[in-house]
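Containing compact mmCIF, C-alpha atoms: data.txt.
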# COMPACT_ATOMS: atom_id res chain seq x y z
CA MET A 1 -58.37 80.77 64.93
CA PRO A 2 -60.92 80.31 62.09
CA ILE A 3 -62.62 83.37 60.67
CA CYS A 4 -65.88 83.38 58.72
CA ALA A 5 -67.98 85.83 56.73
CA SER A 6 -71.55 85.75 55.48
CA ALA A 7 -73.40 87.85 52.93
CA PRO A 8 -76.83 87.98 51.32
CA HIS A 9 -77.42 87.25 47.67
CA HIS A 10 -78.76 89.88 45.30
CA VAL A 11 -81.25 89.66 42.43
CA THR A 12 -81.18 92.73 40.22
CA SER A 13 -84.45 93.86 38.66
CA ILE A 14 -83.42 96.91 36.62
CA PHE A 15 -79.89 97.99 35.80
CA LEU A 16 -78.03 100.44 33.60
CA PRO A 17 -74.33 99.64 32.97
CA VAL A 18 -71.73 102.35 33.53
CA TYR A 19 -68.26 101.70 32.10
CA THR A 20 -65.23 103.85 32.87
CA SER A 21 -61.48 103.50 32.49
CA LYS A 22 -61.16 102.33 36.12
CA LEU A 23 -62.50 99.19 37.75
CA GLU A 24 -63.37 101.13 40.91
CA THR A 25 -65.80 103.45 39.11
CA THR A 26 -67.20 100.92 36.63
CA GLY A 27 -70.50 99.44 37.74
CA SER A 28 -74.19 100.11 37.23
CA LEU A 29 -77.15 102.13 38.36
CA GLY A 30 -79.99 99.88 39.37
CA ALA A 31 -82.45 98.36 41.77
CA GLY A 32 -82.88 94.86 43.17
CA LEU A 33 -83.45 92.73 46.24
CA ALA A 34 -80.88 91.56 48.79
CA VAL A 35 -82.15 88.13 49.79
CA GLU A 36 -81.43 85.20 52.06
CA PRO A 37 -80.44 82.39 52.59
CA ARG A 38 -76.89 83.71 52.79
CA ALA A 39 -73.53 82.69 51.39
CA ILE A 40 -70.80 81.83 53.90
CA GLY A 41 -67.03 81.64 53.61
CA CYS A 42 -64.53 80.45 56.23
CA LEU A 43 -60.77 80.53 56.50
CA GLY A 44 -59.36 77.75 58.68
CA ARG A 45 -62.59 75.78 59.02
CA LYS A 46 -64.32 73.32 56.69
CA LEU A 47 -67.99 73.85 56.00
CA TYR A 48 -70.54 71.10 56.42
CA SER A 49 -72.57 72.24 53.42
CA ARG A 50 -71.26 71.42 49.95
CA PRO A 51 -68.52 73.92 49.06
CA ILE A 52 -68.70 75.86 45.82
CA GLU A 53 -65.93 77.35 43.70
CA THR A 54 -66.47 80.39 41.49
CA THR A 55 -63.94 82.08 39.25
CA THR A 56 -64.94 85.42 40.76
CA ALA A 57 -64.14 84.35 44.31
CA ALA A 58 -60.82 82.91 43.14
CA ARG A 59 -60.03 86.16 41.30
CA ALA A 60 -60.89 88.27 44.37
CA LEU A 61 -58.48 86.24 46.49
CA LYS A 62 -55.79 86.50 43.81
CA LEU A 63 -56.16 90.29 43.80
CA LEU A 64 -55.61 90.19 47.56
CA GLY A 65 -52.49 88.07 47.13
CA ALA A 66 -54.09 84.89 48.46
CA ALA A 67 -54.71 81.41 47.11
CA SER A 68 -58.20 79.91 47.20
CA ARG A 69 -56.90 76.81 48.96
CA GLY A 70 -57.91 76.83 52.63
CA ILE A 71 -60.86 79.16 52.13
CA HIS A 72 -64.14 77.26 52.04
CA VAL A 73 -67.18 78.94 50.49
CA ALA A 74 -70.74 77.60 50.39
CA THR A 75 -74.16 78.82 49.34
CA PRO A 76 -77.56 77.08 49.28
CA LEU A 77 -78.51 78.89 46.06
CA PRO A 78 -77.47 77.61 42.61
CA PRO A 79 -75.04 79.55 40.41
CA ALA A 80 -75.83 80.84 36.91
CA LYS A 81 -79.51 81.44 37.73
CA GLY A 82 -79.49 85.12 38.69
CA TYR A 83 -78.84 85.14 42.45
CA ALA A 84 -75.43 86.85 42.09
CA VAL A 85 -73.69 83.79 43.52
CA SER A 86 -70.43 84.95 41.95
CA ALA A 87 -70.64 88.26 43.83
CA SER A 88 -71.73 86.73 47.14
CA THR A 89 -68.98 84.12 47.12
CA ALA A 90 -66.36 86.70 46.16
CA VAL A 91 -67.56 88.95 48.99
CA VAL A 92 -67.39 86.29 51.71
CA ALA A 93 -64.04 84.96 50.51
CA GLY A 94 -62.52 88.42 50.13
CA THR A 95 -63.78 89.87 53.40
CA ALA A 96 -62.88 86.82 55.48
CA TYR A 97 -59.35 86.83 54.10
CA SER A 98 -58.93 90.61 54.43
CA VAL A 99 -60.00 90.73 58.08
CA SER A 100 -57.79 87.71 58.88
CA ARG A 101 -54.82 89.77 57.65
CA GLY A 102 -55.74 92.85 59.67
CA LEU A 103 -57.22 94.66 56.67
CA THR A 104 -60.67 96.25 56.45
CA ILE A 105 -63.89 94.69 55.21
CA GLY A 106 -63.82 97.40 52.55
CA THR A 107 -60.58 95.98 51.18
CA GLY A 108 -62.28 92.64 50.59
CA LEU A 109 -65.34 94.30 49.05
CA LEU A 110 -63.17 96.28 46.63
CA ALA A 111 -61.38 93.10 45.54
CA ALA A 112 -64.74 91.36 45.02
CA HIS A 113 -66.03 94.26 42.92
CA LYS A 114 -62.92 94.32 40.75
CA ALA A 115 -63.10 90.55 40.33
CA GLU A 116 -66.70 90.77 39.11
CA ILE A 117 -65.74 93.30 36.44
CA LEU A 118 -62.71 91.31 35.32
CA GLU A 119 -64.61 88.01 35.18
CA LYS A 120 -67.65 89.66 33.51
CA THR A 121 -69.97 88.12 36.10
CA GLY A 122 -71.63 91.35 37.22
CA LEU A 123 -71.39 95.11 37.62
CA GLY A 124 -73.30 96.34 40.67
CA ASP A 125 -74.02 93.28 42.80
CA VAL A 126 -71.11 93.77 45.21
CA ALA A 127 -72.17 97.35 45.94
CA SER A 128 -75.73 96.11 46.53
CA ILE A 129 -74.58 93.29 48.80
CA SER A 130 -72.50 95.75 50.82
CA CYS A 131 -75.72 97.62 51.65
CA GLY A 132 -77.49 94.32 52.04
CA VAL A 133 -80.97 95.16 53.35
CA GLY A 134 -84.13 94.35 51.37
CA VAL A 135 -84.71 96.62 48.38
CA VAL A 136 -81.40 98.09 47.22
CA TYR A 137 -81.13 101.24 45.08
CA ARG A 138 -77.90 102.06 43.28
CA TYR A 139 -78.02 105.79 42.57
CA GLY A 140 -74.36 105.95 41.54
CA ALA A 141 -72.08 103.35 39.98
CA GLY A 142 -68.85 101.90 41.30
CA ALA A 143 -67.34 99.82 44.05
CA PRO A 144 -68.60 99.89 47.66
CA GLY A 145 -67.53 103.18 49.21
CA LEU A 146 -67.69 104.95 45.85
CA ALA A 147 -71.13 103.91 44.64
CA ARG A 148 -74.15 105.76 46.04
CA VAL A 149 -76.34 103.01 47.46
CA ASP A 150 -79.38 102.95 49.72
CA CYS A 151 -81.45 100.01 50.94
CA ARG A 152 -84.77 99.56 52.70
CA PRO A 153 -86.38 96.53 54.40
CA VAL A 154 -88.95 94.45 52.57
CA PRO A 155 -92.35 95.15 54.20
CA SER A 156 -93.46 92.54 56.72
CA THR A 157 -96.69 92.13 54.75
CA VAL A 158 -94.75 90.73 51.77
CA SER A 159 -93.40 87.22 51.13
CA LEU A 160 -90.87 86.39 48.42
CA LEU A 161 -90.87 83.30 46.23
CA ALA A 162 -88.43 82.34 43.49
CA LEU A 163 -89.26 80.38 40.35
CA GLU A 164 -86.22 78.98 38.54
CA GLY A 165 -85.74 78.01 34.91
CA GLU A 166 -83.73 75.05 33.74
CA GLY A 167 -80.00 75.16 33.03
CA GLY A 168 -77.77 78.15 33.60
CA VAL A 169 -76.89 81.44 31.92
CA HIS A 170 -73.60 83.34 32.17
CA THR A 171 -74.03 86.98 33.10
CA ARG A 172 -72.00 87.90 30.02
CA SER A 173 -75.06 87.25 27.83
CA LEU A 174 -77.21 89.55 29.97
CA LEU A 175 -74.59 92.31 29.77
CA GLU A 176 -74.60 91.98 25.99
CA LYS A 177 -78.40 92.40 25.96
CA ALA A 178 -78.05 95.43 28.21
CA GLY A 179 -76.03 97.16 25.50
CA SER A 180 -79.05 97.62 23.23
CA SER A 181 -80.53 101.10 22.93
CA PHE A 182 -84.02 99.81 23.84
CA PHE A 183 -82.79 98.12 27.02
CA ARG A 184 -80.85 101.20 28.11
CA ARG A 185 -83.71 103.59 27.34
CA GLU A 186 -86.23 101.48 29.26
CA ALA A 187 -83.84 100.96 32.17
CA ARG A 188 -83.22 104.68 32.50
CA ARG A 189 -86.94 105.48 32.32
CA ARG A 190 -87.89 102.87 34.93
CA LEU A 191 -85.04 103.83 37.28
CA GLU A 192 -86.02 107.48 37.19
CA ARG A 193 -89.46 106.53 38.51
CA VAL A 194 -88.06 104.19 41.17
CA PHE A 195 -85.54 106.77 42.36
CA GLU A 196 -88.25 109.45 42.57
CA ASP A 197 -90.44 107.15 44.67
CA PRO A 198 -88.34 104.42 46.36
CA SER A 199 -91.34 102.63 47.84
CA PHE A 200 -91.70 98.86 47.60
CA GLU A 201 -94.88 99.25 45.54
CA THR A 202 -93.16 101.42 42.92
CA PHE A 203 -90.10 99.18 42.89
CA MET A 204 -92.22 96.11 42.13
CA ALA A 205 -94.43 97.88 39.57
CA GLU A 206 -91.51 99.27 37.58
CA SER A 207 -89.51 96.05 37.89
CA MET A 208 -92.43 94.04 36.52
CA SER A 209 -92.96 96.47 33.65
CA PHE A 210 -89.27 96.30 32.79
CA THR A 211 -89.41 92.49 32.80
CA LEU A 212 -92.49 92.48 30.57
CA ASP A 213 -91.15 95.08 28.13
CA ASN A 214 -87.92 93.14 27.65
CA LYS A 215 -89.58 89.68 27.84
CA LEU A 216 -87.08 88.67 30.51
CA TYR A 217 -89.54 86.08 31.80
CA ALA A 218 -89.44 84.02 28.57
CA PRO A 219 -86.38 81.84 29.41
CA ILE A 220 -88.08 80.84 32.68
CA ILE A 221 -91.74 80.29 31.79
CA GLY A 222 -91.90 80.59 28.01
CA GLY A 223 -95.39 81.59 26.92
CA ARG A 224 -97.07 80.73 30.24
CA LEU A 225 -97.32 84.30 31.46
CA ASP A 226 -101.01 83.97 32.38
CA SER A 227 -100.16 81.15 34.80
CA LEU A 228 -97.79 83.50 36.63
CA THR A 229 -100.01 86.58 36.66
CA ARG A 230 -102.86 84.57 38.22
CA THR A 231 -100.82 83.71 41.31
CA PRO A 232 -102.97 84.17 44.47
CA GLY A 233 -102.05 87.33 46.39
CA LEU A 234 -99.68 88.51 43.64
CA ILE A 235 -98.11 91.92 44.25
CA GLY A 236 -95.66 91.75 41.35
CA PHE A 237 -92.77 89.84 39.84
CA TYR A 238 -89.58 90.37 37.88
CA ALA A 239 -87.00 88.18 36.20
CA LYS A 240 -83.24 88.07 35.90
CA LYS A 241 -81.51 85.41 33.80
CA LEU A 242 -83.19 82.17 34.95
CA VAL A 243 -84.97 83.23 38.14
CA ALA A 244 -88.26 85.06 38.63
CA ILE A 245 -88.79 86.81 41.95
CA ILE A 246 -92.46 86.75 42.91
CA ALA A 247 -93.77 89.04 45.65
CA VAL A 248 -97.06 87.98 47.23
CA GLU A 249 -99.15 89.09 50.18
CA ALA A 250 -97.71 87.35 53.24
CA ASP A 251 -101.04 85.90 54.35
CA MET A 252 -101.44 84.32 50.88
CA ALA A 253 -97.92 82.86 50.65
CA ALA A 254 -98.97 79.25 51.27
CA ASP A 255 -101.73 79.47 48.66
CA ALA A 256 -99.35 81.08 46.18
CA LEU A 257 -96.73 78.39 46.72
CA GLU A 258 -99.28 75.61 46.23
CA TYR A 259 -100.66 77.25 43.09
CA LEU A 260 -97.23 77.77 41.51
CA ALA A 261 -96.13 74.25 42.42
CA GLY A 262 -99.15 72.90 40.57
CA ARG A 263 -98.34 74.95 37.45
CA PHE A 264 -94.55 74.80 37.33
CA GLY A 265 -93.42 72.06 39.76
CA ARG A 266 -92.37 72.37 43.39
CA GLU A 267 -88.74 71.53 42.54
CA ARG A 268 -88.46 74.82 40.66
CA LEU A 269 -89.63 76.95 43.59
CA ARG A 270 -87.84 78.45 46.60
CA VAL A 271 -88.87 80.59 49.52
CA LEU A 272 -86.62 83.61 49.96
CA TYR A 273 -86.38 86.27 52.65
CA GLY A 274 -85.47 89.91 52.42
CA SER A 275 -82.07 90.31 54.05
CA ASP A 276 -81.90 92.43 57.20
CA HIS A 277 -78.14 93.05 57.22
CA GLY A 278 -75.17 93.15 54.89
CA VAL A 279 -71.76 91.53 55.27
CA ARG A 280 -70.93 90.03 58.65
CA VAL A 281 -67.48 88.76 59.73
CA TRP A 282 -66.69 86.83 62.91
CA TRP A 283 -63.94 84.83 64.57
CA GLU A 284 -64.63 81.27 65.74

The structure given in the file should be rewritten as structure tokens.
Amino acid sequence: MPICASAPHHVTSIFLPVYTSKLETTGSLGAGLAVEPRAIGCLGRKLYSRPIETTTAARALKLLGAASRGIHVATPLPPAKGYAVSASTAVVAGTAYSVSRGLTIGTGLLAAHKAEILEKTGLGDVASISCGVGVVYRYGAGAPGLARVDCRPVPSTVSLLALEGEGGVHTRSLLEKAGSSFFRREARRRLERVFEDPSFETFMAESMSFTLDNKLYAPIIGGRLDSLTRTPGLIGFYAKKLVAIIAVEADMAADALEYLAGRFGRERLRVLYGSDHGVRVWWE
């Protein structure tokens, strides 16, 4: 009987790496958004959407003693942009396989977390995906079950748009940037404010300031910052790698989409949704 799993994607806004001698406790403090559309992975059933292979998903399965053959994974979001596709695909592959063998979802999540560390594709995305609802706060680093994570729904008055840059960036380069003293100091300062007041308004304000201070928007829009800040109904924005997440007032979403399409091109834009649940596994 086929078994499938689905999981949201995650776009980090602020993060502070935490490295230890163990994979389970290595990770990051941070904040970000769990978003849909979701990734899906199935064991024993082919997917109609174009399958995707990531080294992180393959590594997670290897850690579980499985081969990637026979496990089909798909996601509508592109890899190497900033959507944590590596983490999402590792989560759905690992959890589907684990449950099919009578193991817990947590076993699959742990394998996915370890795989991310080993492949250098992320630090805290698996823990965030395991919480999986809207705005995700990582108060403590580590794998799901060890990390201290909380998540809150995106307000119904908010719509989320994504603006993508061209090409792709490996997370390794972002982790190297995160090693600078300026990045770490700013991340810690912004996270302290977000953790003190975990409202959506504070999350967006601090995330945008962090993006501006570190010029994380530059690979996506270059020097066209004014074009972004003039978006109708803009609440705030932040950038990770090659994707900018833009929060706008829900009743202005259509105007914002039309405006951004005129400035940057409709092919670079996506509509996203705050996720309302984490990992889900089911038999078919």

Nearest to Thr89 (chain A), restricted to all atoms listed in the file and choosing among A:Leu64, A:Ile71, A:Leu260, A:Ile40, comes out as A:Ile40

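Taking CA of Gly274 (chain A) and CA of Ala39 (chain A) as the two end points, the separation is 14.0 Å.
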
Which of these, A:Leu212, A:Ala74, A:Ala187, A:Ala253, has the shortest distance to Pro37 (chain A) once you count only C-alpha atoms? A:Ala74

The residues within 10 Å of (-100.4, 79.7, 36.9), using all atoms listed in the file and the coordinates of the file, should be reported as an MDAnalysis selection string; which are they? chainID A and resid 224:232 256 259:264

Grab the residues selected above and save them as a compact mmCIF listing (two decimals), keeping the file's coordinate frame with C-alpha atoms.
# COMPACT_ATOMS: atom_id res chain seq x y z
CA ARG A 224 -97.07 80.73 30.24
CA LEU A 225 -97.32 84.30 31.46
CA ASP A 226 -101.01 83.97 32.38
CA SER A 227 -100.16 81.15 34.80
CA LEU A 228 -97.79 83.50 36.63
CA THR A 229 -100.01 86.58 36.66
CA ARG A 230 -102.86 84.57 38.22
CA THR A 231 -100.82 83.71 41.31
CA PRO A 232 -102.97 84.17 44.47
CA ALA A 256 -99.35 81.08 46.18
CA TYR A 259 -100.66 77.25 43.09
CA LEU A 260 -97.23 77.77 41.51
CA ALA A 261 -96.13 74.25 42.42
CA GLY A 262 -99.15 72.90 40.57
CA ARG A 263 -98.34 74.95 37.45
CA PHE A 264 -94.55 74.80 37.33

For region 150-159 of chain A: contacts at 9 Å, only C-alpha atoms, fewer than 3 positions along chain excluded, given as a PyMOL selection string: chain A and resi 33-34+128+131-139+198-200+235+246-253+271-276

From the set A:Gly108, A:Pro76, A:Gly223, A:Gly122, which residue has the shortest atom-to-atom contact distance to Pro8 (chain A), counting all atoms listed in the file?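 Counting all atoms listed in the file, the residue closest to Pro8 (chain A) is A:Pro76.
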
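Closest approach to Glu186 (chain A) among A:Met204, A:Ile14, A:Met1, A:Val281 is made by A:Ile14 (distances from only C-alpha atoms).
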
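Distances here use all atoms listed in the file; by that measure, the residue among A:Ser207, A:Ser180, A:Asn214, A:Thr95 closest to Gly32 (chain A) is A:Ser207.
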
Give the answer as one residue: which of A:Gly41, A:Gly145, A:Gly106, A:Gly30 has the shortest atom-to-atom distance to Phe15 (chain A), using all atoms listed in the file?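 The closest residue to Phe15 (chain A) is A:Gly30.
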
Distance CA of His113 (chain A)-CA of Gly65 (chain A), one decimal place? 15.5 Å

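Within 9 Å of the point (-61.5, 95.6, 41.3), counting only C-alpha atoms, the protein and nucleic acid residues come to A:Lys22, A:Leu23, A:Glu24, A:Ala60, A:Leu63, A:Leu109, A:Leu110, A:Ala111, A:Ala112, A:His113, A:Lys114, A:Ala115, A:Glu116, A:Ile117, A:Leu118, A:Ala143.
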
Can you spit out the residues from that selection as a short mmCIF file (atom, residue, chain, number, x, y, z; two decimals), keeping the file's coordinate frame, using C-alpha atoms?
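Generated file (result_33.cif):
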data_model
loop_
_atom_site.label_atom_id
_atom_site.label_comp_id
_atom_site.auth_asym_id
_atom_site.auth_seq_id
_atom_site.Cartn_x
_atom_site.Cartn_y
_atom_site.Cartn_z
CA LYS A 22 -61.16 102.33 36.12
CA LEU A 23 -62.50 99.19 37.75
CA GLU A 24 -63.37 101.13 40.91
CA ALA A 60 -60.89 88.27 44.37
CA LEU A 63 -56.16 90.29 43.80
CA LEU A 109 -65.34 94.30 49.05
CA LEU A 110 -63.17 96.28 46.63
CA ALA A 111 -61.38 93.10 45.54
CA ALA A 112 -64.74 91.36 45.02
CA HIS A 113 -66.03 94.26 42.92
CA LYS A 114 -62.92 94.32 40.75
CA ALA A 115 -63.10 90.55 40.33
CA GLU A 116 -66.70 90.77 39.11
CA ILE A 117 -65.74 93.30 36.44
CA LEU A 118 -62.71 91.31 35.32
CA ALA A 143 -67.34 99.82 44.05
#

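Between CA of Pro17 (chain A) and CA of Leu123 (chain A) there is a distance of 7.1 Å.
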
Can you sort out the box for region 250-258 of chain A, edges along x, y and z, all listed atoms in, 5 Å on every side, with centre and edge lengths in Å to one decimal, as AutoDock Vina command-line options?
--center_x -99.2 --center_y 81.5 --center_z 50.3 --size_x 15.0 --size_y 21.7 --size_z 18.2

Shell of 10 Å around region 239-245 of chain A, only C-alpha atoms, local chain residues under 4 positions omitted, as a ChimeraX atom specification: /A:11-14,32-33,80-83,160-171,173-174,204,207-208,210-212,214-221,228,268-272
